[in-house]
Every structure is written in C-alpha cells, then in structure tokens.
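K.L.:
Below is the file entry_37.pdb, which contains PDB, C-alpha atoms.
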```
ATOM      1  CA  ASP A   1     172.081  91.258  13.420  1.00  0.00           C
ATOM      2  CA  GLY A   2     169.820  92.687  16.068  1.00  0.00           C
ATOM      3  CA  PHE A   3     166.463  94.168  16.708  1.00  0.00           C
ATOM      4  CA  GLU A   4     165.376  97.732  16.229  1.00  0.00           C
ATOM      5  CA  GLU A   5     162.509  99.584  17.857  1.00  0.00           C
ATOM      6  CA  PHE A   6     161.333 102.887  16.401  1.00  0.00           C
ATOM      7  CA  TYR A   7     158.246 104.954  15.780  1.00  0.00           C
ATOM      8  CA  LEU A   8     157.154 106.856  12.713  1.00  0.00           C
ATOM      9  CA  THR A   9     154.971 109.966  12.826  1.00  0.00           C
ATOM     10  CA  ARG A  10     153.185 111.191   9.721  1.00  0.00           C
ATOM     11  CA  CYS A  11     150.412 113.494   8.603  1.00  0.00           C
ATOM     12  CA  VAL A  12     148.069 112.408   5.833  1.00  0.00           C
ATOM     13  CA  PHE A  13     146.087 115.190   4.156  1.00  0.00           C
ATOM     14  CA  ASN A  14     144.070 116.188   1.088  1.00  0.00           C
ATOM     15  CA  SER A  15     143.802 119.880   1.951  1.00  0.00           C
ATOM     16  CA  THR A  16     144.638 122.338   4.720  1.00  0.00           C
ATOM     17  CA  ASP A  17     141.205 121.874   6.283  1.00  0.00           C
ATOM     18  CA  PRO A  18     141.799 120.272   9.728  1.00  0.00           C
ATOM     19  CA  LYS A  19     139.006 117.740   9.185  1.00  0.00           C
ATOM     20  CA  ASP A  20     140.924 116.428   6.127  1.00  0.00           C
ATOM     21  CA  ILE A  21     144.140 115.902   8.110  1.00  0.00           C
ATOM     22  CA  ARG A  22     145.053 112.691   9.938  1.00  0.00           C
ATOM     23  CA  TYR A  23     147.852 112.340  12.475  1.00  0.00           C
ATOM     24  CA  ILE A  24     149.301 108.812  12.606  1.00  0.00           C
ATOM     25  CA  ARG A  25     152.029 107.487  14.887  1.00  0.00           C
ATOM     26  CA  SER A  26     153.121 103.882  14.313  1.00  0.00           C
ATOM     27  CA  TYR A  27     155.363 101.916  16.663  1.00  0.00           C
ATOM     28  CA  TYR A  28     157.592  99.209  15.176  1.00  0.00           C
ATOM     29  CA  TYR A  29     159.741  96.431  16.559  1.00  0.00           C
ATOM     30  CA  ASP A  30     161.924  94.408  14.208  1.00  0.00           C
ATOM     31  CA  LYS A  31     160.183  95.963  11.145  1.00  0.00           C
ATOM     32  CA  MET A  32     156.699  94.956  12.352  1.00  0.00           C
ATOM     33  CA  GLU A  33     154.101  97.511  13.387  1.00  0.00           C
ATOM     34  CA  TYR A  34     152.714  96.612  16.792  1.00  0.00           C
ATOM     35  CA  ILE A  35     150.775  99.770  17.820  1.00  0.00           C
ATOM     36  CA  ARG A  36     149.230 102.646  15.872  1.00  0.00           C
ATOM     37  CA  PHE A  37     147.573 105.854  16.981  1.00  0.00           C
ATOM     38  CA  ASP A  38     145.345 107.378  14.302  1.00  0.00           C
ATOM     39  CA  SER A  39     143.597 110.682  15.014  1.00  0.00           C
ATOM     40  CA  SER A  40     140.585 109.560  12.956  1.00  0.00           C
ATOM     41  CA  VAL A  41     140.131 106.618  15.373  1.00  0.00           C
ATOM     42  CA  GLY A  42     141.131 108.656  18.439  1.00  0.00           C
ATOM     43  CA  LYS A  43     142.941 105.882  20.268  1.00  0.00           C
ATOM     44  CA  HIS A  44     145.821 103.421  20.060  1.00  0.00           C
ATOM     45  CA  VAL A  45     145.210 100.080  18.345  1.00  0.00           C
ATOM     46  CA  GLY A  46     147.449  97.062  18.902  1.00  0.00           C
ATOM     47  CA  TYR A  47     148.359  94.579  16.157  1.00  0.00           C
ATOM     48  CA  THR A  48     150.220  91.957  18.231  1.00  0.00           C
ATOM     49  CA  GLY A  49     149.685  90.521  21.709  1.00  0.00           C
ATOM     50  CA  TYR A  50     152.290  92.915  23.063  1.00  0.00           C
ATOM     51  CA  GLY A  51     150.755  95.778  21.083  1.00  0.00           C
ATOM     52  CA  VAL A  52     147.205  95.108  22.283  1.00  0.00           C
ATOM     53  CA  LYS A  53     148.350  95.085  25.911  1.00  0.00           C
ATOM     54  CA  ASN A  54     150.279  98.341  25.541  1.00  0.00           C
ATOM     55  CA  ALA A  55     147.569 100.034  23.460  1.00  0.00           C
ATOM     56  CA  GLU A  56     145.145  99.399  26.308  1.00  0.00           C
ATOM     57  CA  ARG A  57     147.631 100.880  28.778  1.00  0.00           C
ATOM     58  CA  PHE A  58     148.226 103.934  26.541  1.00  0.00           C
ATOM     59  CA  ASN A  59     144.476 104.483  26.050  1.00  0.00           C
ATOM     60  CA  ASN A  60     143.875 104.482  29.811  1.00  0.00           C
ATOM     61  CA  GLY A  61     146.671 106.917  30.610  1.00  0.00           C
ATOM     62  CA  PRO A  62     147.663 110.494  29.792  1.00  0.00           C
ATOM     63  CA  GLN A  63     149.413 109.475  26.556  1.00  0.00           C
ATOM     64  CA  VAL A  64     146.169 109.233  24.553  1.00  0.00           C
ATOM     65  CA  VAL A  65     145.280 112.852  25.459  1.00  0.00           C
ATOM     66  CA  GLN A  66     148.740 113.991  24.350  1.00  0.00           C
ATOM     67  CA  GLU A  67     148.471 112.068  21.061  1.00  0.00           C
ATOM     68  CA  ARG A  68     145.058 113.623  20.319  1.00  0.00           C
ATOM     69  CA  ALA A  69     146.554 117.106  20.727  1.00  0.00           C
ATOM     70  CA  GLU A  70     149.404 116.310  18.318  1.00  0.00           C
ATOM     71  CA  LYS A  71     147.151 116.616  15.264  1.00  0.00           C
ATOM     72  CA  GLU A  72     146.680 120.327  15.956  1.00  0.00           C
ATOM     73  CA  ARG A  73     150.209 120.992  17.187  1.00  0.00           C
ATOM     74  CA  TYR A  74     152.159 118.950  14.653  1.00  0.00           C
ATOM     75  CA  CYS A  75     150.027 118.343  11.573  1.00  0.00           C
ATOM     76  CA  VAL A  76     147.740 121.337  11.143  1.00  0.00           C
ATOM     77  CA  HIS A  77     150.649 123.746  11.641  1.00  0.00           C
ATOM     78  CA  ASN A  78     153.081 121.941   9.306  1.00  0.00           C
ATOM     79  CA  VAL A  79     150.542 121.011   6.633  1.00  0.00           C
ATOM     80  CA  GLY A  80     149.741 124.701   6.168  1.00  0.00           C
ATOM     81  CA  ILE A  81     153.440 125.471   5.657  1.00  0.00           C
ATOM     82  CA  ASP A  82     154.057 122.484   3.352  1.00  0.00           C
ATOM     83  CA  TYR A  83     150.923 123.133   1.312  1.00  0.00           C
ATOM     84  CA  GLN A  84     151.892 126.762   0.632  1.00  0.00           C
ATOM     85  CA  ALA A  85     155.458 125.739  -0.265  1.00  0.00           C
ATOM     86  CA  ALA A  86     154.126 123.206  -2.769  1.00  0.00           C
ATOM     87  CA  LEU A  87     151.815 125.761  -4.355  1.00  0.00           C
ATOM     88  CA  THR A  88     154.574 128.322  -4.846  1.00  0.00           C
ATOM     89  CA  LYS A  89     156.796 125.718  -6.576  1.00  0.00           C
ATOM     90  CA  SER A  90     154.141 124.510  -9.004  1.00  0.00           C
TER      91      SER A  90
END
```
Just dump the structure as structure tokens.
P.N.:
Amino acid sequence: DGFEEFYLTRCVFNSTDPKDIRYIRSYYYDKMEYIRFDSSVGKHVGYTGYGVKNAERFNNGPQVVQERAEKERYCVHNVGIDYQAALTKS
C-alpha cells in the first residue's frame, strides 16, 4: 500500500497543423487528477482544493510560460514525426 504522485504529458491532434494540436499535462495523486494544463485553455486548472491552490500558484509564476511553450517544443515537433511514420506504414 502507499500513495503515488505522477504526471502524464500527452499531445492530442487531428492533423499536423499546430492549431489542431493540444498539449495536456495532468498531475495525479493516488490515481486522482488534481491539476491539468491544457494548451487550448492556456493555464492550469485545479480539480481538488489542493489542486486549485497550486494551479493558482503555477498560473502566477514562470511555470505557466514554460508550459505554454511546450506545445511547440514537444507536440508540434513529435506530431510531425509520428504522423509521417503512420502514413508510411499504412
């Protein structure tokens, strides 16, 4: 038994067009999501008391600027690679 804290980063996309790509980072504690950053919203959103408090702190600090840049750095780059790989296999 015990508790686990982790985060999950994912890119959701319909095409390689950057406006169709979303960068999402979800923070979990004991299997429950407590904060999410979604590039389509542009800020962190909290889902628990603890999450709301920390989302506010993240949104007022440098972390929100870093998260906004991750869509370009992480998603747009990798979606282009993954999309081409999928096309060559089909």
K.L.:
Any chance you could resolve the PyMOL selection byres ((chain A and resi 19) around 12) against this file and give the residues as a list of chain:residue names?
P.N.:
A:Val12, A:Phe13, A:Asn14, A:Ser15, A:Thr16, A:Asp17, A:Pro18, A:Asp20, A:Ile21, A:Arg22, A:Tyr23, A:Ser39, A:Ser40, A:Lys71, A:Glu72, A:Cys75, A:Val76
K.L.:
Convert the current residue selection to file output with C-alpha atoms, as a PDB file, in the coordinates of the input.
P.N.:
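This is the output file part_35.pdb:
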```
ATOM      1  CA  VAL A  12     148.069 112.408   5.833  1.00  0.00           C
ATOM      2  CA  PHE A  13     146.087 115.190   4.156  1.00  0.00           C
ATOM      3  CA  ASN A  14     144.070 116.188   1.088  1.00  0.00           C
ATOM      4  CA  SER A  15     143.802 119.880   1.951  1.00  0.00           C
ATOM      5  CA  THR A  16     144.638 122.338   4.720  1.00  0.00           C
ATOM      6  CA  ASP A  17     141.205 121.874   6.283  1.00  0.00           C
ATOM      7  CA  PRO A  18     141.799 120.272   9.728  1.00  0.00           C
ATOM      8  CA  ASP A  20     140.924 116.428   6.127  1.00  0.00           C
ATOM      9  CA  ILE A  21     144.140 115.902   8.110  1.00  0.00           C
ATOM     10  CA  ARG A  22     145.053 112.691   9.938  1.00  0.00           C
ATOM     11  CA  TYR A  23     147.852 112.340  12.475  1.00  0.00           C
ATOM     12  CA  SER A  39     143.597 110.682  15.014  1.00  0.00           C
ATOM     13  CA  SER A  40     140.585 109.560  12.956  1.00  0.00           C
ATOM     14  CA  LYS A  71     147.151 116.616  15.264  1.00  0.00           C
ATOM     15  CA  GLU A  72     146.680 120.327  15.956  1.00  0.00           C
ATOM     16  CA  CYS A  75     150.027 118.343  11.573  1.00  0.00           C
ATOM     17  CA  VAL A  76     147.740 121.337  11.143  1.00  0.00           C
TER      18      VAL A  76
END
```
K.L.:
Specify as a list of chain:residue names each residue included when the PyMOL selection byres ((chain A and resi 5) around 6) is applied to this file.
P.N.:
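With the shown file as input, the PyMOL selection byres ((chain A and resi 5) around 6) matches A:Glu4, A:Phe6, A:Tyr28, A:Tyr29.
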K.L.:
Could you write out the selected residues, including C-alpha atoms, as an mmCIF file, in the coordinates of the input?
P.N.:
```cif
data_model
loop_
_atom_site.group_PDB
_atom_site.id
_atom_site.type_symbol
_atom_site.label_atom_id
_atom_site.label_comp_id
_atom_site.auth_asym_id
_atom_site.auth_seq_id
_atom_site.Cartn_x
_atom_site.Cartn_y
_atom_site.Cartn_z
ATOM 1 C CA GLU A 4 165.376 97.732 16.229
ATOM 2 C CA PHE A 6 161.333 102.887 16.401
ATOM 3 C CA TYR A 28 157.592 99.209 15.176
ATOM 4 C CA TYR A 29 159.741 96.431 16.559
#
```
K.L.:
With all atoms listed in the file as the counted atoms, please give the residues lying no more than 10 Å from range 53-69 of chain A, apart from itself and same-chain residues fewer than 6 positions off, as number ranges by chain.
P.N.:
A: 23-25, 34-47, 75
K.L.:
Give me, please, the distance in Å between CA of Tyr74 in chain A and CA of Asp30 in chain A, quoted to one decimal.
P.N.:
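Spanning CA of Tyr74 in chain A to CA of Asp30 in chain A is a straight-line distance of 26.4 Å.
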K.L.:
Report, as AutoDock Vina command-line options, the centre and edge lengths in Å (one decimal) of the axis-aligned box enclosing every listed atom of range 27-39 of chain A, padded by 5 Å on each side.
P.N.:
```
--center_x 152.8 --center_y 102.5 --center_z 14.5 --size_x 28.3 --size_y 26.3 --size_z 16.7
```
K.L.:
So how far away is CA of Gln84 in chain A from CA of Tyr7 in chain A, in Å?
P.N.:
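So the answer is 27.3 Å.
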K.L.:
Please report the interatomic distance between CA of Glu33 in chain A and CA of Cys11 in chain A in Å with one decimal.
P.N.:
17.1 Å
K.L.:
Which is closest to Gly2 in chain A among A:Lys31, A:Val52, A:Ser26, A:Arg73, if we use only C-alpha atoms?
P.N.:
A:Lys31
